[in-house]
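Just entry.txt here, compact mmCIF, C-alpha atoms:
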# COMPACT_ATOMS: atom_id res chain seq x y z
CA MET P 62 21.99 -9.84 2.03
CA SER P 63 18.53 -10.20 3.55
CA LEU P 64 16.24 -7.19 3.44
CA ASP P 65 15.17 -5.57 6.67
CA SER P 66 11.52 -6.05 7.52
CA LEU P 67 8.59 -3.65 7.37
CA THR P 68 7.30 -2.99 10.88
CA ILE P 69 3.80 -1.64 11.45
CA ALA P 70 2.51 -1.15 15.00
CA GLY P 71 5.15 -3.50 16.36
CA LYS P 72 4.53 -6.34 13.91
CA SER P 73 7.11 -7.18 11.27
CA TYR P 74 6.56 -8.32 7.69
CA SER P 75 9.24 -9.61 5.35
CA SER P 76 7.48 -8.21 2.27
CA ARG P 77 7.19 -4.47 1.69
CA LEU P 78 4.54 -4.96 -1.00
CA ILE P 79 0.84 -4.77 -0.09
CA VAL P 80 -1.67 -5.86 -2.72
CA GLY P 81 -5.41 -5.62 -3.28
CA THR P 82 -7.97 -8.27 -4.17
CA GLY P 83 -10.21 -6.43 -6.63
CA LYS P 84 -10.51 -6.30 -10.44
CA TYR P 85 -9.18 -9.78 -11.18
CA LYS P 86 -10.86 -12.06 -13.73
CA SER P 87 -11.44 -14.81 -11.17
CA VAL P 88 -10.80 -15.80 -7.57
CA GLU P 89 -8.25 -18.33 -8.82
CA GLU P 90 -6.30 -15.60 -10.61
CA THR P 91 -6.49 -13.46 -7.49
CA GLU P 92 -4.84 -16.16 -5.42
CA ARG P 93 -2.15 -16.91 -7.99
CA ALA P 94 -1.24 -13.24 -8.36
CA ILE P 95 -1.08 -12.64 -4.61
CA ASP P 96 1.16 -15.67 -4.16
CA ALA P 97 3.42 -14.49 -7.00
CA SER P 98 3.69 -11.05 -5.39
CA GLY P 99 4.99 -12.49 -2.13
CA ALA P 100 2.77 -10.02 -0.26
CA GLU P 101 1.84 -10.79 3.33
CA ILE P 102 -0.68 -7.96 3.84
CA ILE P 103 -3.76 -8.14 1.61
CA THR P 104 -6.32 -5.36 1.40
CA VAL P 105 -10.01 -5.95 0.70
CA ALA P 106 -12.79 -3.41 0.13
CA LEU P 107 -15.39 -4.05 2.82
CA ARG P 108 -18.21 -2.30 0.96
CA ARG P 109 -17.63 -4.30 -2.22
CA VAL P 110 -17.44 -7.81 -0.76
CA ASP P 111 -20.16 -9.89 0.87
CA LEU P 112 -18.42 -10.77 4.12
CA SER P 113 -21.00 -13.45 4.90
CA ASP P 114 -20.58 -15.30 1.56
CA LYS P 115 -18.05 -18.01 2.27
CA SER P 116 -19.35 -20.38 -0.39
CA GLY P 117 -16.86 -22.22 -2.57
CA GLY P 118 -15.34 -19.98 -5.22
CA SER P 119 -16.18 -16.70 -3.46
CA LEU P 120 -13.53 -14.16 -2.53
CA MET P 121 -14.44 -14.51 1.15
CA SER P 122 -13.93 -18.28 0.98
CA LEU P 123 -10.40 -17.61 -0.32
CA LEU P 124 -9.68 -15.00 2.32
CA THR P 125 -11.06 -17.18 5.09
CA ARG P 126 -8.96 -20.13 3.96
CA ARG P 127 -5.74 -18.19 3.50
CA ALA P 128 -6.02 -15.42 6.07
CA HIS P 129 -7.84 -17.05 8.95
CA VAL P 130 -7.88 -20.82 8.62
CA GLY P 131 -4.86 -21.57 6.42
CA THR P 132 -3.20 -24.91 7.10
CA ALA P 133 0.12 -26.40 6.11
CA GLY P 134 0.29 -27.06 2.41
CA GLU P 135 -2.12 -24.26 1.41
CA GLY P 136 0.57 -21.63 0.97
CA LYS P 137 1.56 -18.61 3.02
CA ARG P 138 -1.13 -17.12 5.24
CA TRP P 139 -2.12 -13.51 4.70
CA THR P 140 -2.79 -10.61 7.06
CA LEU P 141 -6.04 -8.92 6.07
CA LEU P 142 -6.14 -5.15 5.73
CA PRO P 143 -9.85 -4.24 5.36
CA ASN P 144 -10.38 -0.89 3.67
CA THR P 145 -13.23 1.60 3.47
CA ALA P 146 -13.16 2.20 -0.30
CA GLY P 147 -16.44 3.75 -1.40
CA CYS P 148 -16.97 5.75 1.79
CA TYR P 149 -17.50 9.50 1.37
CA THR P 150 -17.88 10.61 4.99
CA ALA P 151 -16.11 9.95 8.25
CA ASP P 152 -19.33 8.49 9.65
CA GLU P 153 -19.61 5.97 6.78
CA ALA P 154 -16.01 4.85 7.21
CA VAL P 155 -16.27 4.46 10.98
CA ARG P 156 -19.54 2.53 10.80
CA THR P 157 -18.13 0.23 8.10
CA LEU P 158 -15.10 -0.66 10.20
CA ARG P 159 -17.14 -1.12 13.37
CA LEU P 160 -19.35 -3.64 11.56
CA ALA P 161 -16.31 -5.42 10.18
CA ARG P 162 -14.80 -5.60 13.66
CA GLU P 163 -17.94 -7.33 14.91
CA LEU P 164 -17.36 -9.97 12.22
CA GLY P 165 -13.79 -10.37 13.41
CA VAL P 166 -12.01 -8.99 10.33
CA ALA P 167 -10.95 -5.46 11.29
CA GLU P 168 -8.18 -4.44 13.65
CA LEU P 169 -5.45 -3.40 11.22
CA VAL P 170 -7.41 -1.19 8.81
CA LYS P 171 -6.91 1.00 5.76
CA LEU P 172 -8.92 4.19 6.08
CA GLU P 173 -10.23 5.73 2.86
CA VAL P 174 -12.65 8.65 2.83
CA ILE P 175 -13.13 9.84 -0.73
CA GLY P 176 -13.90 13.47 -1.53
CA ASP P 177 -14.51 13.31 -5.26
CA PRO P 178 -15.86 10.40 -7.37
CA LYS P 179 -13.94 11.40 -10.51
CA THR P 180 -10.42 11.77 -9.13
CA LEU P 181 -10.98 9.57 -6.04
CA TYR P 182 -8.84 12.02 -4.12
CA PRO P 183 -9.29 11.72 -0.35
CA ASP P 184 -11.25 14.22 1.73
CA ASN P 185 -8.61 15.46 4.17
CA GLU P 186 -11.06 16.87 6.72
CA GLN P 187 -13.19 13.70 6.84
CA THR P 188 -10.12 11.44 6.88
CA LEU P 189 -8.69 13.26 9.89
CA GLU P 190 -12.04 13.12 11.69
CA ALA P 191 -12.44 9.38 11.08
CA ALA P 192 -8.84 8.68 12.06
CA LYS P 193 -9.31 10.37 15.45
CA ILE P 194 -12.33 8.21 16.24
CA LEU P 195 -10.83 4.94 15.03
CA VAL P 196 -7.53 5.40 16.87
CA LYS P 197 -9.42 6.15 20.10
CA GLU P 198 -11.42 2.95 19.58
CA GLY P 199 -8.27 0.86 19.34
CA PHE P 200 -7.99 0.30 15.60
CA THR P 201 -4.55 0.23 14.00
CA VAL P 202 -5.16 2.85 11.30
CA LEU P 203 -3.35 3.15 7.97
CA PRO P 204 -4.89 6.17 6.20
CA TYR P 205 -4.92 6.77 2.45
CA CYS P 206 -4.17 10.46 2.02
CA ILE P 207 -3.05 13.15 -0.39
CA ASP P 208 0.74 13.61 -0.77
CA ASP P 209 0.63 16.59 1.59
CA PRO P 210 3.32 16.74 4.30
CA ILE P 211 1.01 18.69 6.64
CA VAL P 212 -1.85 16.18 6.41
CA CYS P 213 0.58 13.31 6.90
CA LYS P 214 2.01 14.96 10.02
CA LYS P 215 -1.48 15.51 11.44
CA LEU P 216 -2.41 11.86 10.82
CA GLU P 217 0.79 10.74 12.52
CA ASP P 218 0.11 13.01 15.50
CA ILE P 219 -3.39 11.53 15.82
CA GLY P 220 -1.79 8.12 16.29
CA CYS P 221 -2.01 6.45 12.89
CA ALA P 222 0.40 3.52 12.57
CA ALA P 223 1.54 4.61 9.10
CA VAL P 224 0.66 7.16 6.44
CA MET P 225 -0.20 6.17 2.87
CA PRO P 226 0.11 9.13 0.47
CA LEU P 227 -0.95 8.61 -3.13
CA ALA P 228 1.58 8.62 -5.96
CA ALA P 229 -1.15 9.51 -8.48
CA PRO P 230 -4.95 9.04 -8.69
CA ILE P 231 -6.25 5.56 -7.84
CA GLY P 232 -6.08 3.21 -10.81
CA SER P 233 -4.45 5.80 -13.08
CA GLY P 234 -1.11 4.05 -13.51
CA LEU P 235 0.59 7.45 -13.83
CA GLY P 236 3.44 6.58 -11.49
CA ILE P 237 5.21 8.86 -9.01
CA ARG P 238 3.94 12.32 -9.96
CA ASN P 239 5.44 14.32 -7.09
CA PRO P 240 8.66 12.80 -5.73
CA HIS P 241 9.48 16.12 -4.05
CA ASN P 242 6.43 15.97 -1.78
CA LEU P 243 7.12 12.33 -0.96
CA SER P 244 10.69 13.26 -0.02
CA ILE P 245 9.46 15.93 2.39
CA ILE P 246 6.97 13.50 3.96
CA LEU P 247 9.73 10.91 4.35
CA GLU P 248 12.09 13.46 5.88
CA HIS P 249 9.72 14.22 8.76
CA ALA P 250 7.69 11.02 9.27
CA LYS P 251 8.36 8.86 12.30
CA VAL P 252 5.95 6.15 11.13
CA PRO P 253 6.16 4.04 7.95
CA VAL P 254 5.35 5.84 4.70
CA ILE P 255 3.64 3.54 2.20
CA VAL P 256 2.88 4.77 -1.32
CA ASP P 257 -0.75 4.00 -2.09
CA ALA P 258 -2.34 4.41 -5.53
CA GLY P 259 -1.04 5.40 -8.94
CA VAL P 260 1.69 2.82 -9.50
CA GLY P 261 1.51 1.49 -13.07
CA THR P 262 4.51 -0.73 -13.59
CA ALA P 263 7.57 -2.17 -11.87
CA SER P 264 9.78 0.88 -12.36
CA ASP P 265 7.24 3.03 -10.46
CA ALA P 266 7.47 0.69 -7.47
CA ALA P 267 11.26 0.71 -7.62
CA ILE P 268 11.34 4.52 -7.69
CA ALA P 269 9.08 4.72 -4.63
CA MET P 270 11.43 2.43 -2.72
CA GLU P 271 14.55 4.26 -3.94
CA LEU P 272 13.07 7.50 -2.60
CA GLY P 273 12.99 5.84 0.81
CA CYS P 274 9.36 4.76 1.11
CA ASP P 275 8.80 1.89 3.51
CA GLY P 276 6.39 0.04 1.24
CA VAL P 277 4.07 0.17 -1.75
CA LEU P 278 0.38 -0.71 -1.97
CA MET P 279 -1.18 -1.54 -5.33
CA ASN P 280 -4.07 -3.36 -7.00
CA THR P 281 -4.90 -2.20 -10.53
CA ALA P 282 -1.29 -2.25 -11.73
CA ILE P 283 -1.29 -6.02 -11.22
CA ALA P 284 -4.93 -6.93 -11.83
CA HIS P 285 -5.19 -5.00 -15.12
CA ALA P 286 -1.86 -6.12 -16.55
CA LYS P 287 -2.06 -8.39 -19.59
CA GLU P 288 -0.45 -11.10 -17.46
CA PRO P 289 -1.35 -10.34 -13.84
CA VAL P 290 0.60 -13.19 -12.28
CA LEU P 291 3.78 -12.23 -14.17
CA MET P 292 3.29 -8.56 -13.24
CA ALA P 293 2.85 -9.53 -9.59
CA GLU P 294 6.20 -11.28 -9.71
CA ALA P 295 7.75 -8.22 -11.38
CA MET P 296 6.37 -5.95 -8.66
CA LYS P 297 7.81 -8.19 -5.96
CA GLU P 298 11.25 -7.98 -7.55
CA ALA P 299 10.97 -4.23 -8.18
CA VAL P 300 10.16 -3.48 -4.53
CA GLN P 301 13.08 -5.64 -3.43
CA ALA P 302 15.47 -4.04 -5.94
CA GLY P 303 14.38 -0.51 -5.02
CA ARG P 304 14.85 -1.23 -1.33
CA LYS P 305 18.32 -2.69 -1.90
CA ALA P 306 19.30 0.32 -4.00
CA ARG P 307 18.13 2.66 -1.23
CA LEU P 308 20.12 0.78 1.39
CA ALA P 309 23.19 0.60 -0.87
CA GLY P 310 23.18 4.34 -1.55
CA ARG P 311 23.36 5.58 -5.12
CA MET P 312 26.47 7.19 -6.61
CA PRO P 313 26.57 11.01 -6.70
CA ARG P 314 25.16 12.65 -9.80
CA SER P 315 27.69 14.48 -11.95
CA ARG P 316 27.24 17.03 -14.70
CA TYR P 317 30.14 15.62 -16.72
CA ALA P 318 31.57 12.20 -17.49
CA ASN P 319 33.65 10.35 -14.95
CA ALA P 320 35.80 7.63 -16.50
CA SER P 321 35.24 4.16 -15.13
CA SER P 322 38.97 3.42 -15.37
CA PRO P 323 41.67 5.68 -13.87
CA LEU P 324 43.28 8.06 -16.35
CA GLY P 325 46.63 8.12 -14.58
CA GLY P 326 49.33 5.57 -15.40
CA LEU P 327 48.16 4.91 -18.97
CA ILE P 328 50.50 2.77 -21.06
CA GLU P 329 52.11 4.89 -23.78
Translate the structure described by the file into structure tokens.
Amino acid sequence: MSLDSLTIAGKSYSSRLIVGTGKYKSVEETERAIDASGAEIITVALRRVDLSDKSGGSLMSLLTRRAHVGTAGEGKRWTLLPNTAGCYTADEAVRTLRLARELGVAELVKLEVIGDPKTLYPDNEQTLEAAKILVKEGFTVLPYCIDDPIVCKKLEDIGCAAVMPLAAPIGSGLGIRNPHNLSIILEHAKVPVIVDAGVGTASDAAIAMELGCDGVLMNTAIAHAKEPVLMAEAMKEAVQAGRKARLAGRMPRSRYANASSPLGGLIE
């Protein structure tokens, strides 16, 4: 059975896993891990990458080759998802994405407006303000947000193409800390819900998909694994398995045992 696709703003992707490009040991490892993940959407922090440096061996040379220029034989091409990591105000985030748009790398964007440098939790007020401006200017906005059903609904009403609530603090690897909130968000959302931040291992990704999330975004869980390429492959399979389990529908939970074989008609 083939998995249904992830659709964002009318465009479909066969992979429901979105991965980042930071924290790897080398550009070569970055490419190998992304390929192993099967991801089609790749996020890059605009404020942490020199967009003009396309020299051999730079991250931008890789992204240019694979996301913009890729030719047959170079592997699957990627859709870039520029993000505003490191921005602490709506104004910073908007200006960053406007500059990136001028360089031709920002239409589908991940909006991050951080409120606290220790927890890296988003600033809801500034995120909403930035989202309003960016949507009006024609950006396809995917906002990183707290796992708050009210904030997610407001972002959807503004016109964001998806909502991306955190599972746990960025880079923490704590996994799905509040499945109840995610379930409420999923119950009411009419746009894709993509878990962003906090995933630590493959079982976390599978749980997110089993809950009904439309996708999972991660970086540190892969880049900081002992074997990043192998972990990327595990994450790919976990997202697929979780999605299949969701579509299949799990058995009902029972307080007591339920024999696998019928008890009637036993041979005496």
* Which one of P:Val170, P:Leu278, P:Gly176, P:His249 sits closest to Cys221 of chain P if you count only C-alpha atoms? ->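 The shortest atom-to-atom distance to Cys221 of chain P comes from P:Val170.
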* Between P:Ala222, P:Leu247, P:Ala151, P:Ala167, which has the minimum distance to Gln187 of chain P (counting only C-alpha atoms)? -> P:Ala151
* To do: Choose the residue, out of P:Pro313, P:Gly261, P:Pro289, P:Pro226, that has the smallest atom-to-atom separation from Lys214 of chain P; count all atoms listed in the file.
  =>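 Answer, going by the shortest atom-to-atom distance: P:Pro226.
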Show me a table, sorted first by chain and then by increasing residue number, of the residues of segment 155-218 of chain P having an atom at most 9 Å from segment 229-245 of chain P, each with its shortest atom pair and the distance in Å to one decimal, counting only C-alpha atoms and written as JSON lines.
{"residue": "P:Thr180", "atom": "CA", "partner": "P:Pro230", "partner_atom": "CA", "distance": 6.1}
{"residue": "P:Leu181", "atom": "CA", "partner": "P:Ile231", "partner_atom": "CA", "distance": 6.5}
{"residue": "P:Tyr182", "atom": "CA", "partner": "P:Pro230", "partner_atom": "CA", "distance": 6.7}
{"residue": "P:Asp208", "atom": "CA", "partner": "P:Asn242", "partner_atom": "CA", "distance": 6.2}
{"residue": "P:Asp209", "atom": "CA", "partner": "P:Asn242", "partner_atom": "CA", "distance": 6.7}
{"residue": "P:Pro210", "atom": "CA", "partner": "P:Ile245", "partner_atom": "CA", "distance": 6.5}
* Asked: What gap, in Å, lies between atom CA of Cys274 of chain P and atom CA of Asn144 of chain P?
  -> 20.7 Å
* Residues within 10 Å of Ile268 of chain P, only C-alpha atoms, excluding chain neighbours under 2 positions, as a ChimeraX atom specification -> /P:236-237,240,260,263-266,270-274,299-300,302-304,306-307
